[in-house]
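Dumped target.cif below, it's mmCIF, C-alpha atoms and all ligand atoms:
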data_query
loop_
_atom_site.label_atom_id
_atom_site.label_comp_id
_atom_site.auth_asym_id
_atom_site.auth_seq_id
_atom_site.Cartn_x
_atom_site.Cartn_y
_atom_site.Cartn_z
CA MET A 1 160.56 145.95 155.85
CA ALA A 2 158.79 149.27 155.34
CA LYS A 3 160.74 152.47 155.81
CA VAL A 4 159.39 153.98 159.04
CA ALA A 5 159.12 157.50 160.42
CA ARG A 6 162.20 158.70 162.28
CA ILE A 7 160.67 160.39 165.29
CA PRO A 8 162.72 161.28 168.39
CA ILE A 9 161.95 159.45 171.64
CA ILE A 10 162.00 161.72 174.68
CA ASP A 11 161.90 160.74 178.34
CA LEU A 12 160.09 163.27 180.54
CA ASN A 13 161.12 161.39 183.63
CA TYR A 14 163.74 163.93 184.71
CA ASP A 15 164.71 164.94 188.21
CA ASP A 16 162.48 167.90 189.17
CA GLN A 17 165.31 169.38 191.25
CA ASP A 18 167.72 169.36 188.32
CA GLU A 19 166.91 172.53 186.39
CA ALA A 20 169.69 172.00 183.84
CA GLN A 21 168.26 168.59 182.97
CA ARG A 22 164.77 170.03 182.63
CA VAL A 23 166.03 172.70 180.24
CA ARG A 24 167.85 170.04 178.18
CA VAL A 25 164.67 167.97 177.88
CA ALA A 26 162.70 171.13 176.97
CA LYS A 27 165.16 171.96 174.20
CA ASP A 28 165.08 168.41 172.84
CA LEU A 29 161.30 168.57 172.82
CA VAL A 30 161.29 171.85 170.90
CA GLU A 31 163.81 170.58 168.34
CA ALA A 32 161.65 167.50 167.74
CA ALA A 33 158.56 169.73 167.41
CA VAL A 34 160.33 172.00 164.91
CA GLU A 35 161.86 169.21 162.86
CA HIS A 36 159.18 166.50 162.93
CA GLY A 37 156.05 167.79 164.65
CA PHE A 38 155.77 164.33 166.20
CA ILE A 39 157.49 163.14 169.38
CA TYR A 40 157.41 159.81 171.17
CA ILE A 41 157.17 160.29 174.92
CA LYS A 42 158.59 157.26 176.65
CA ASN A 43 155.86 155.76 178.80
CA THR A 44 157.27 154.39 182.00
CA GLY A 45 154.02 155.03 183.83
CA THR A 46 155.18 158.14 185.73
CA ASP A 47 152.86 160.73 184.23
CA ILE A 48 150.08 158.38 183.20
CA PRO A 49 149.98 155.01 184.98
CA VAL A 50 150.04 152.06 182.60
CA SER A 51 146.98 150.61 184.33
CA ALA A 52 145.03 153.81 183.56
CA VAL A 53 145.82 153.43 179.85
CA ASP A 54 144.87 149.75 179.91
CA ASP A 55 141.60 150.53 181.68
CA ALA A 56 140.80 153.27 179.17
CA PHE A 57 141.20 150.81 176.29
CA THR A 58 139.00 148.27 178.10
CA LEU A 59 136.27 150.90 178.44
CA SER A 60 136.66 151.97 174.83
CA LYS A 61 136.13 148.40 173.63
CA LYS A 62 133.04 148.14 175.82
CA LEU A 63 131.67 151.38 174.44
CA PHE A 64 132.03 150.49 170.77
CA ALA A 65 130.58 147.01 171.42
CA ALA A 66 127.48 148.57 173.07
CA PRO A 67 124.11 148.21 171.31
CA LEU A 68 123.67 150.67 168.45
CA GLU A 69 120.72 152.41 170.18
CA GLU A 70 122.96 153.36 173.10
CA LYS A 71 125.47 155.01 170.80
CA GLU A 72 122.77 156.59 168.64
CA ALA A 73 121.37 158.30 171.73
CA CYS A 74 124.74 160.02 172.15
CA ARG A 75 125.21 161.19 168.58
CA ILE A 76 127.79 163.91 168.06
CA GLN A 77 126.51 167.49 168.32
CA THR A 78 127.91 170.78 167.15
CA ASN A 79 129.56 171.07 170.58
CA ASN A 80 131.89 168.29 169.27
CA ARG A 81 130.76 165.84 171.98
CA GLY A 82 129.41 162.35 171.50
CA TRP A 83 129.44 159.45 169.09
CA SER A 84 130.47 159.78 165.46
CA ALA A 85 129.19 156.79 163.46
CA MET A 86 131.10 154.83 160.84
CA GLN A 87 131.91 157.09 157.88
CA TYR A 88 130.23 160.11 159.49
CA GLU A 89 133.40 162.18 159.68
CA THR A 90 135.48 162.96 156.60
CA LEU A 91 138.87 164.33 157.59
CA ASP A 92 140.04 165.01 154.04
CA PRO A 93 136.87 165.92 152.11
CA ALA A 94 138.80 167.17 149.08
CA HIS A 95 140.30 163.74 148.41
CA GLN A 96 137.96 161.16 149.92
CA ARG A 97 135.28 159.28 147.94
CA VAL A 98 133.54 158.32 151.19
CA GLY A 99 133.84 159.10 154.93
CA ASP A 100 136.42 157.66 157.33
CA PHE A 101 136.06 153.95 158.10
CA LYS A 102 136.02 154.49 161.85
CA GLU A 103 133.77 155.18 164.80
CA ALA A 104 134.70 157.75 167.43
CA PHE A 105 133.39 158.96 170.78
CA ASN A 106 134.33 162.43 172.03
CA PHE A 107 134.27 163.35 175.70
CA GLY A 108 134.22 167.07 176.47
CA GLU A 109 134.71 168.60 179.88
CA PHE A 110 133.61 166.85 183.09
CA ILE A 111 132.51 168.73 186.19
CA ASN A 112 133.26 167.02 189.52
CA GLY A 113 133.70 163.69 187.74
CA LYS A 114 130.37 164.05 185.88
CA ALA A 115 130.14 164.22 182.11
CA GLN A 116 128.25 167.20 180.66
CA GLN A 117 126.88 165.05 177.82
CA PRO A 118 124.96 161.77 177.43
CA ILE A 119 127.08 158.68 178.18
CA PRO A 120 126.05 155.17 176.96
CA PRO A 121 124.68 153.11 179.89
CA SER A 122 127.19 150.34 179.08
CA ILE A 123 130.02 152.50 180.36
CA SER A 124 128.28 155.06 182.58
CA PRO A 125 129.27 153.25 185.81
CA HIS A 126 132.84 154.20 184.86
CA GLU A 127 132.16 157.88 184.31
CA SER A 128 134.56 158.96 187.06
CA ASP A 129 137.34 156.75 185.62
CA ILE A 130 136.96 158.48 182.26
CA SER A 131 137.08 161.83 184.01
CA ASN A 132 140.24 160.77 185.90
CA PHE A 133 141.95 159.65 182.71
CA ARG A 134 141.04 162.93 181.06
CA ASP A 135 142.56 164.76 184.06
CA LEU A 136 145.81 162.80 183.72
CA CYS A 137 145.99 163.78 180.06
CA TYR A 138 145.27 167.41 180.92
CA GLU A 139 148.09 167.48 183.50
CA MET A 140 150.53 165.94 181.05
CA CYS A 141 149.47 168.42 178.40
CA LEU A 142 150.23 171.29 180.81
CA LYS A 143 153.64 169.78 181.51
CA ILE A 144 154.44 169.55 177.79
CA ASN A 145 153.23 173.11 177.22
CA THR A 146 155.47 174.32 180.04
CA LEU A 147 158.47 172.53 178.52
CA LEU A 148 157.70 173.98 175.10
CA GLY A 149 157.65 177.46 176.65
CA ILE A 150 161.02 176.84 178.32
CA GLY A 151 162.57 175.29 175.22
CA LEU A 152 161.38 178.15 173.01
CA GLY A 153 162.55 180.79 175.44
CA VAL A 154 159.06 182.29 175.65
CA ASN A 155 158.82 185.12 178.14
CA PRO A 156 157.09 184.41 180.49
CA THR A 157 157.94 180.70 180.13
CA ASP A 158 154.44 179.68 181.27
CA PHE A 159 152.74 181.65 178.46
CA PHE A 160 151.26 178.48 176.84
CA THR A 161 150.47 176.85 180.17
CA GLN A 162 148.53 179.90 181.39
CA ALA A 163 146.45 179.86 178.21
CA HIS A 164 145.43 176.24 178.91
CA LEU A 165 144.38 176.55 182.55
CA ARG A 166 140.88 175.20 183.11
CA GLU A 167 140.10 177.73 185.77
CA LYS A 168 140.23 180.39 183.06
CA GLY A 169 137.22 178.95 181.24
CA PRO A 170 135.99 176.14 178.99
CA SER A 171 138.09 174.84 176.13
CA GLY A 172 137.70 172.56 173.13
CA SER A 173 139.91 169.92 174.79
CA THR A 174 138.56 166.50 173.93
CA LEU A 175 139.27 162.95 174.97
CA ARG A 176 138.46 160.74 172.00
CA TYR A 177 138.10 156.97 171.80
CA LEU A 178 138.57 155.64 168.26
CA TYR A 179 137.61 152.31 166.76
CA TYR A 180 138.61 151.10 163.29
CA PRO A 181 137.03 147.80 162.28
CA PRO A 182 139.10 145.39 160.18
CA LEU A 183 138.53 145.13 156.43
CA THR A 184 136.54 141.92 156.95
CA GLN A 185 133.88 143.99 158.71
CA THR A 186 133.84 146.85 156.23
CA PRO A 187 132.89 145.23 152.92
CA ASP A 188 132.19 148.64 151.35
CA ALA A 189 135.76 149.77 151.77
CA ASN A 190 138.16 149.71 148.88
CA PRO A 191 141.46 149.43 150.77
CA ALA A 192 143.54 150.67 147.86
CA GLY A 193 141.73 153.99 147.72
CA ASP A 194 139.74 154.44 150.93
CA VAL A 195 141.17 155.41 154.27
CA ARG A 196 140.35 154.71 157.90
CA ALA A 197 141.05 158.38 158.70
CA GLY A 198 141.72 160.88 155.94
CA ALA A 199 144.86 163.01 155.73
CA HIS A 200 144.63 165.88 158.20
CA SER A 201 146.47 167.87 160.79
CA ASP A 202 144.98 168.22 164.26
CA TYR A 203 143.10 171.31 165.39
CA GLY A 204 144.28 172.14 168.90
CA SER A 205 147.64 172.90 170.46
CA ILE A 206 149.00 169.40 170.99
CA THR A 207 147.59 165.89 170.67
CA MET A 208 148.53 162.88 172.78
CA LEU A 209 147.87 159.54 171.15
CA PHE A 210 147.72 156.13 172.83
CA ARG A 211 147.93 153.03 170.66
CA LEU A 212 148.05 149.28 171.18
CA ARG A 213 151.06 147.12 170.35
CA GLY A 214 150.89 145.34 167.03
CA GLN A 215 148.08 147.51 165.57
CA ALA A 216 149.15 149.11 162.29
CA GLY A 217 147.69 152.06 160.45
CA LEU A 218 149.05 155.50 161.34
CA GLU A 219 151.19 157.28 158.76
CA ILE A 220 152.74 160.75 158.57
CA LEU A 221 153.53 162.86 155.54
CA THR A 222 157.25 163.64 155.56
CA PRO A 223 158.70 166.96 154.32
CA ASP A 224 159.65 165.23 151.05
CA ASN A 225 155.97 164.40 150.55
CA THR A 226 156.03 160.65 151.17
CA TRP A 227 153.84 158.70 153.52
CA VAL A 228 155.64 156.61 156.11
CA PRO A 229 154.21 154.46 158.89
CA VAL A 230 154.69 155.41 162.54
CA PRO A 231 155.53 152.25 164.52
CA VAL A 232 153.60 151.79 167.76
CA THR A 233 156.73 150.46 169.48
CA PRO A 234 159.83 152.15 168.03
CA GLU A 235 163.26 150.66 168.57
CA GLY A 236 164.41 151.08 172.13
CA THR A 237 160.93 150.99 173.70
CA GLU A 238 160.23 147.28 173.25
CA ASN A 239 160.82 146.53 176.93
CA ASP A 240 158.94 149.51 178.35
CA PRO A 241 155.77 148.69 180.29
CA ALA A 242 153.67 150.42 177.60
CA PRO A 243 154.22 151.82 174.11
CA PRO A 244 155.29 155.47 174.08
CA ILE A 245 152.64 158.18 174.03
CA LEU A 246 152.79 159.81 170.63
CA VAL A 247 152.59 163.59 170.92
CA ASN A 248 152.09 165.82 167.92
CA ILE A 249 151.97 169.54 167.39
CA ALA A 250 148.58 170.63 166.10
CA ASP A 251 147.53 173.62 163.99
CA LEU A 252 146.86 176.07 166.73
CA LEU A 253 150.35 175.81 168.18
CA SER A 254 151.84 175.96 164.72
CA TYR A 255 149.80 179.09 164.04
CA TRP A 256 150.79 180.58 167.37
CA THR A 257 154.49 180.09 166.64
CA ASN A 258 154.32 181.41 163.09
CA GLY A 259 154.90 177.89 161.73
CA LEU A 260 158.08 177.28 163.73
CA LEU A 261 156.51 174.26 165.42
CA ARG A 262 155.40 171.85 162.73
CA SER A 263 151.80 170.60 162.53
CA THR A 264 152.37 167.44 160.52
CA VAL A 265 149.74 165.92 158.26
CA HIS A 266 148.86 162.30 159.12
CA ARG A 267 146.27 159.65 158.28
CA VAL A 268 145.19 156.12 159.16
CA VAL A 269 145.20 153.57 156.34
CA PHE A 270 144.41 149.96 155.70
CA GLY A 271 147.69 148.05 155.54
CA SER A 272 147.50 144.73 153.77
CA GLY A 273 146.17 145.13 150.26
CA GLY A 274 145.73 148.82 150.90
CA ARG A 275 147.89 151.90 150.53
CA GLY A 276 149.81 151.36 153.72
CA LYS A 277 153.14 149.65 154.22
CA LEU A 278 153.09 147.42 157.27
CA VAL A 279 155.70 147.82 159.98
CA GLN A 280 157.33 144.55 161.03
CA GLY A 281 155.39 143.00 163.91
CA GLU A 282 152.22 145.02 163.17
CA SER A 283 149.04 143.92 161.45
CA ASP A 284 145.66 145.32 160.50
CA THR A 285 143.58 142.18 160.52
CA GLU A 286 142.29 142.80 164.06
CA PRO A 287 139.98 145.67 165.04
CA ARG A 288 142.14 148.72 165.80
CA TYR A 289 141.61 150.97 168.83
CA SER A 290 143.35 154.22 169.66
CA ILE A 291 142.75 156.99 172.17
CA ALA A 292 143.55 160.62 171.53
CA TYR A 293 143.57 163.60 173.84
CA PHE A 294 143.27 166.83 171.89
CA CYS A 295 144.61 169.62 174.02
CA HIS A 296 143.15 173.08 173.35
CA PRO A 297 143.74 176.44 175.01
CA VAL A 298 140.71 178.02 176.67
CA GLY A 299 138.26 179.05 173.99
CA THR A 300 138.64 182.78 174.53
CA ALA A 301 142.45 182.68 174.35
CA PRO A 302 143.49 185.25 171.76
CA LEU A 303 146.02 183.82 169.33
CA THR A 304 148.34 186.75 169.61
CA ALA A 305 152.01 186.43 168.71
CA VAL A 306 154.02 184.29 171.10
CA PRO A 307 156.48 186.45 173.08
CA SER A 308 159.62 184.62 171.97
CA GLU A 309 162.66 185.89 170.15
CA ARG A 310 163.00 182.64 168.27
CA VAL A 311 159.40 182.79 167.04
CA ARG A 312 159.77 186.45 166.07
CA ASN A 313 162.87 185.63 164.05
CA HIS A 314 161.29 182.67 162.31
CA LYS A 315 160.42 183.37 158.68
CA PRO A 316 157.52 181.39 157.27
CA THR A 317 158.68 179.52 154.20
CA ASP A 318 155.48 179.36 152.17
CA ASP A 319 152.45 181.39 151.14
CA SER A 320 150.15 179.97 153.80
CA GLY A 321 151.96 182.11 156.33
CA ASN A 322 152.51 179.22 158.70
CA GLY A 323 155.78 178.02 157.29
CA ASN A 324 155.13 174.33 157.02
CA GLY A 325 152.87 173.93 154.04
CA ASN A 326 149.83 173.33 156.20
CA PRO A 327 146.86 174.88 154.37
CA TYR A 328 144.58 175.12 157.42
CA ALA A 329 146.44 177.38 159.81
CA GLU A 330 145.51 180.64 158.18
CA ARG A 331 146.32 184.01 159.68
CA LYS A 332 142.78 185.34 159.99
CA VAL A 333 141.81 183.36 163.11
CA LEU A 334 141.38 185.33 166.28
CA THR A 335 140.58 183.01 169.18
CA ALA A 336 141.08 179.32 169.96
CA ASP A 337 137.31 178.70 169.65
CA GLU A 338 136.99 180.40 166.27
CA HIS A 339 139.82 178.26 164.99
CA LEU A 340 138.15 175.05 166.20
CA GLN A 341 134.76 175.94 164.71
CA MET A 342 136.34 176.54 161.33
CA ARG A 343 137.93 173.08 161.35
CA LEU A 344 134.87 171.18 162.57
CA ARG A 345 132.65 172.65 159.87
CA ALA A 346 134.96 171.27 157.21
CA SER A 347 134.95 167.68 158.45
CA TYR A 348 131.36 167.07 159.59
CA LEU A 349 129.56 167.98 156.39
CA GLN A 350 126.15 166.58 157.38
CA LEU A 351 126.17 167.96 160.90
CA TYR A 352 126.83 171.50 159.71
CA LYS A 353 124.95 171.44 156.39
CA ASP A 354 122.33 173.87 157.66
O1 LIG A 401 144.04 156.55 165.35
C1 LIG A 401 145.11 157.11 165.13
O2 LIG A 401 146.18 156.50 165.19
C2 LIG A 401 145.17 158.57 164.78
C3 LIG A 401 143.88 159.31 164.91
C4 LIG A 401 143.98 160.73 164.54
O3 LIG A 401 144.88 161.17 163.86
C5 LIG A 401 142.96 161.70 165.01
O4 LIG A 401 141.92 161.28 165.53
O5 LIG A 401 143.17 162.91 164.86
FE FE A 402 144.93 163.35 164.00
#
With the file now loaded, output its structure as structure tokens.
Amino acid sequence: MAKVARIPIIDLNYDDQDEAQRVRVAKDLVEAAVEHGFIYIKNTGTDIPVSAVDDAFTLSKKLFAAPLEEKEACRIQTNNRGWSAMQYETLDPAHQRVGDFKEAFNFGEFINGKAQQPIPPSISPHESDISNFRDLCYEMCLKINTLLGIGLGVNPTDFFTQAHLREKGPSGSTLRYLYYPPLTQTPDANPAGDVRAGAHSDYGSITMLFRLRGQAGLEILTPDNTWVPVPVTPEGTENDPAPPILVNIADLLSYWTNGLLRSTVHRVVFGSGGRGKLVQGESDTEPRYSIAYFCHPVGTAPLTAVPSERVRNHKPTDDSGNGNGNPYAERKVLTADEHLQMRLRASYLQLYKD
């Protein structure tokens, strides 16, 4: 059996009246974020109902199965909204021969349940459901940001949360449906060298990832520089109503905390015959679907030093200035939006070529 990533599993289902318990969970969350950058959040349906996740996957499948013209009419724009065709995005341009073997659809902000971008007619009757799911993700993201503030001893503890509040202005937060066809449908792919999503770290503050049981592919780069798969259903969650939600620290939060919180590099690979090592009980012969919510602070949020003793005392351990070997989180960025623009330009070469 393949060696798998050892990522802590945390249950956010604590008693709201029990402050000591909340602080304990917050500290566990921070330690996992410092050590691994990835955290499994047990999904018992409290924060995000299991039916809402199931319905989101149903809609995603409908969207990617829609006629090509419908998706073409929603092609991704420089506002980072819309449909990204097979191989259009290249997450690791320095090392990839060709683009990612995936399709993606990005949903930006909704206003009163209405998308502010073209939506394929095949799923437009469900626009308000997509908006609701995005809201659930947003609320959970605020909760995690609050816990991170508590666990880090940031003063005020809601420093991160305040920076994410929608009422303060638009943000780069994006709900993304992803579809990775199986090798049988991608004859151009060379599974030994090509990837379904190139090695990258995420751009925002945190990412929440939903996956389907049995679908292989995600790997993280460990501190000793080896790739290990991230099981969809880690030990101890087999009987939960849904697989855990996989949360990872992204570049902006790593940058904000001077590298204390780890933004871990990850990728999606072909398993059988490819580079990946399959986790027991998972396979890559079926089409793979995942859903990510990329949580970003409001675009104008200045990335000033986090008011935390622990962050102040943290010494970056490498030349990048972010302490975790991540080459993207450079110190020159000023606002959340500037940071996002820098990252998008690097991965959508055609879109930004002019
Ligand atoms: O599909 C996955 O499992 C991961 C996708 C991912 O890393 C991303 O879209 O940033
Ligand atoms: Fe990612």
Considering only C-alpha atoms and all ligand atoms, give me a table of residues in chain A that are at most 10 Å from ligand LIG 401 (chain A), with the closest atom pair and distance in Å for each, as CSV.
residue,atom,partner,partner_atom,distance
A:Leu91,CA,A:LIG401,O5,8.6
A:Lys102,CA,A:LIG401,O1,9.0
A:Ala104,CA,A:LIG401,O4,8.3
A:Leu175,CA,A:LIG401,O4,9.9
A:Arg176,CA,A:LIG401,O4,7.4
A:Tyr177,CA,A:LIG401,O4,8.5
A:Leu178,CA,A:LIG401,O1,6.3
A:Tyr179,CA,A:LIG401,O1,7.8
A:Tyr180,CA,A:LIG401,O1,8.0
A:Arg196,CA,A:LIG401,O1,8.5
A:Ala197,CA,A:LIG401,C3,6.9
A:Gly198,CA,A:LIG401,O3,8.5
A:Ala199,CA,A:LIG401,O3,8.3
A:His200,CA,A:LIG401,O3,7.4
A:Ser201,CA,A:LIG401,O5,7.2
A:Asp202,CA,A:LIG401,O5,5.6
A:Tyr203,CA,A:LIG401,O5,8.4
A:Thr207,CA,A:LIG401,O5,7.9
A:Met208,CA,A:LIG401,O5,9.6
A:Leu209,CA,A:LIG401,O2,6.9
A:Phe210,CA,A:LIG401,O2,7.8
A:Arg211,CA,A:LIG401,O2,6.7
A:Leu212,CA,A:LIG401,O2,9.6
A:Gln215,CA,A:LIG401,O2,9.2
A:Ala216,CA,A:LIG401,O2,8.5
A:Gly217,CA,A:LIG401,O2,6.7
A:Leu218,CA,A:LIG401,O2,4.9
A:Glu219,CA,A:LIG401,O2,8.2
A:Ile220,CA,A:LIG401,O3,9.5
A:Val230,CA,A:LIG401,O2,9.0
A:Val232,CA,A:LIG401,O2,9.2
A:Leu246,CA,A:LIG401,O2,9.2
A:Asn248,CA,A:LIG401,O3,9.5
A:Ala250,CA,A:LIG401,O5,9.5
A:Val265,CA,A:LIG401,O3,8.8
A:His266,CA,A:LIG401,O3,6.3
A:Arg267,CA,A:LIG401,O3,5.9
A:Val268,CA,A:LIG401,C1,6.1
A:Val269,CA,A:LIG401,O2,9.4
A:Arg288,CA,A:LIG401,O1,8.1
A:Tyr289,CA,A:LIG401,O1,7.0
A:Ser290,CA,A:LIG401,O1,4.9
A:Ile291,CA,A:LIG401,O1,7.0
A:Ala292,CA,A:LIG401,O4,6.3
A:Tyr293,CA,A:LIG401,O4,8.8
A:Phe294,CA,A:LIG401,O5,8.0
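Here atom CA of A:Thr184 is placed at a distance of 16.5 Å from atom CA of A:Ala65.
Our summary of the geometry notes that atom CA of A:Leu260 is positioned 24.8 Å from atom CA of A:Glu19.
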Atom-to-atom span, atom CA of A:Phe64 and atom CA of A:Glu89, Å
16.2 Å
What's the 9 Å shell around A:Leu349, counting only C-alpha atoms, without same-chain residues fewer than 4 positions away, as an NGL selection string?
:A and (88-90 or 93 or 344-345 or 353)
Residue neighbourhood A:Asn313, 12 Å, only C-alpha atoms, exclusion window fewer than 2 positions, as a ChimeraX atom specification
/A:152,257-260,305-311,315-316
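Distances here use only C-alpha atoms and all ligand atoms; by that measure, the residue among A:Phe38, A:Gln116, A:Ile76, A:Trp83 closest to ligand FE 402 (chain A) is A:Phe38.
Residues surrounding A:Gly82 within 7 Å are Cys74, Arg75, Ile76, Gln77, Phe105, Asn106 and Phe107 of chain A [only C-alpha atoms; sequence separation below 5 positions excluded].
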For each of A:Asp194, A:Gly169, A:Leu253, A:Pro287, take the minimum atom-to-atom distance to A:Glu103, counting all atoms listed in the file, then give the residue where this is smallest.
A:Pro287
Can you list, as a ChimeraX atom specification, every protein, DNA or RNA residue that comes within 6 Å of stretch 143-149 of chain A when you count all atoms listed in the file, leaving out same-chain residues fewer than 4 positions away?
/A:26,30,154,157-158,160-161
May I have the residues within 10 Å of A:Ser205 as a PDB file with C-alpha atoms, in the coordinates of the input, using all atoms listed in the file and disregarding those fewer than 5 positions away in the same chain?
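Written output follows (result05.pdb):
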ATOM      1  CA  CYS A 141     149.470 168.420 178.400  1.00  0.00           C
ATOM      2  CA  ASN A 145     153.230 173.110 177.220  1.00  0.00           C
ATOM      3  CA  PHE A 160     151.260 178.480 176.840  1.00  0.00           C
ATOM      4  CA  HIS A 164     145.430 176.240 178.910  1.00  0.00           C
ATOM      5  CA  SER A 173     139.910 169.920 174.790  1.00  0.00           C
ATOM      6  CA  ASN A 248     152.090 165.820 167.920  1.00  0.00           C
ATOM      7  CA  ILE A 249     151.970 169.540 167.390  1.00  0.00           C
ATOM      8  CA  ALA A 250     148.580 170.630 166.100  1.00  0.00           C
ATOM      9  CA  ASP A 251     147.530 173.620 163.990  1.00  0.00           C
ATOM     10  CA  LEU A 252     146.860 176.070 166.730  1.00  0.00           C
ATOM     11  CA  LEU A 253     150.350 175.810 168.180  1.00  0.00           C
ATOM     12  CA  SER A 254     151.840 175.960 164.720  1.00  0.00           C
ATOM     13  CA  TYR A 255     149.800 179.090 164.040  1.00  0.00           C
ATOM     14  CA  TRP A 256     150.790 180.580 167.370  1.00  0.00           C
ATOM     15  CA  SER A 263     151.800 170.600 162.530  1.00  0.00           C
ATOM     16  CA  PHE A 294     143.270 166.830 171.890  1.00  0.00           C
ATOM     17  CA  CYS A 295     144.610 169.620 174.020  1.00  0.00           C
ATOM     18  CA  HIS A 296     143.150 173.080 173.350  1.00  0.00           C
ATOM     19  CA  PRO A 297     143.740 176.440 175.010  1.00  0.00           C
ATOM     20  CA  ALA A 336     141.080 179.320 169.960  1.00  0.00           C
TER      21      ALA A 336
END
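Nearest residue to A:Gln96 among A:Pro156, A:Gly193, A:Pro181, A:Gly236 is A:Gly193, counting all atoms listed in the file.
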Taking (154.3, 158.9, 181.5) in the file's coordinates, which residues come within 12 Å, counting all atoms listed in the file, written as a ChimeraX atom specification?
/A:10-14,40-53,136-137,139-141,143-144,208,210,240-247
Top pick for closest residue to A:Phe133, considering A:Ala115, A:Leu63, A:Ala56, A:Met86 and counting only C-alpha atoms:
A:Ala56
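Ranking A:Ala189, A:Asp55, A:Asp284, A:Gly37 by their shortest atom-to-atom distance to ligand FE 402 (chain A), with only C-alpha atoms and all ligand atoms included, puts A:Gly37 first.
Nearest to ligand FE 402 (chain A) of all the residues A:Leu334, A:Val4, A:Ala346, A:Ile206 is A:Ile206, counting all atoms listed in the file.
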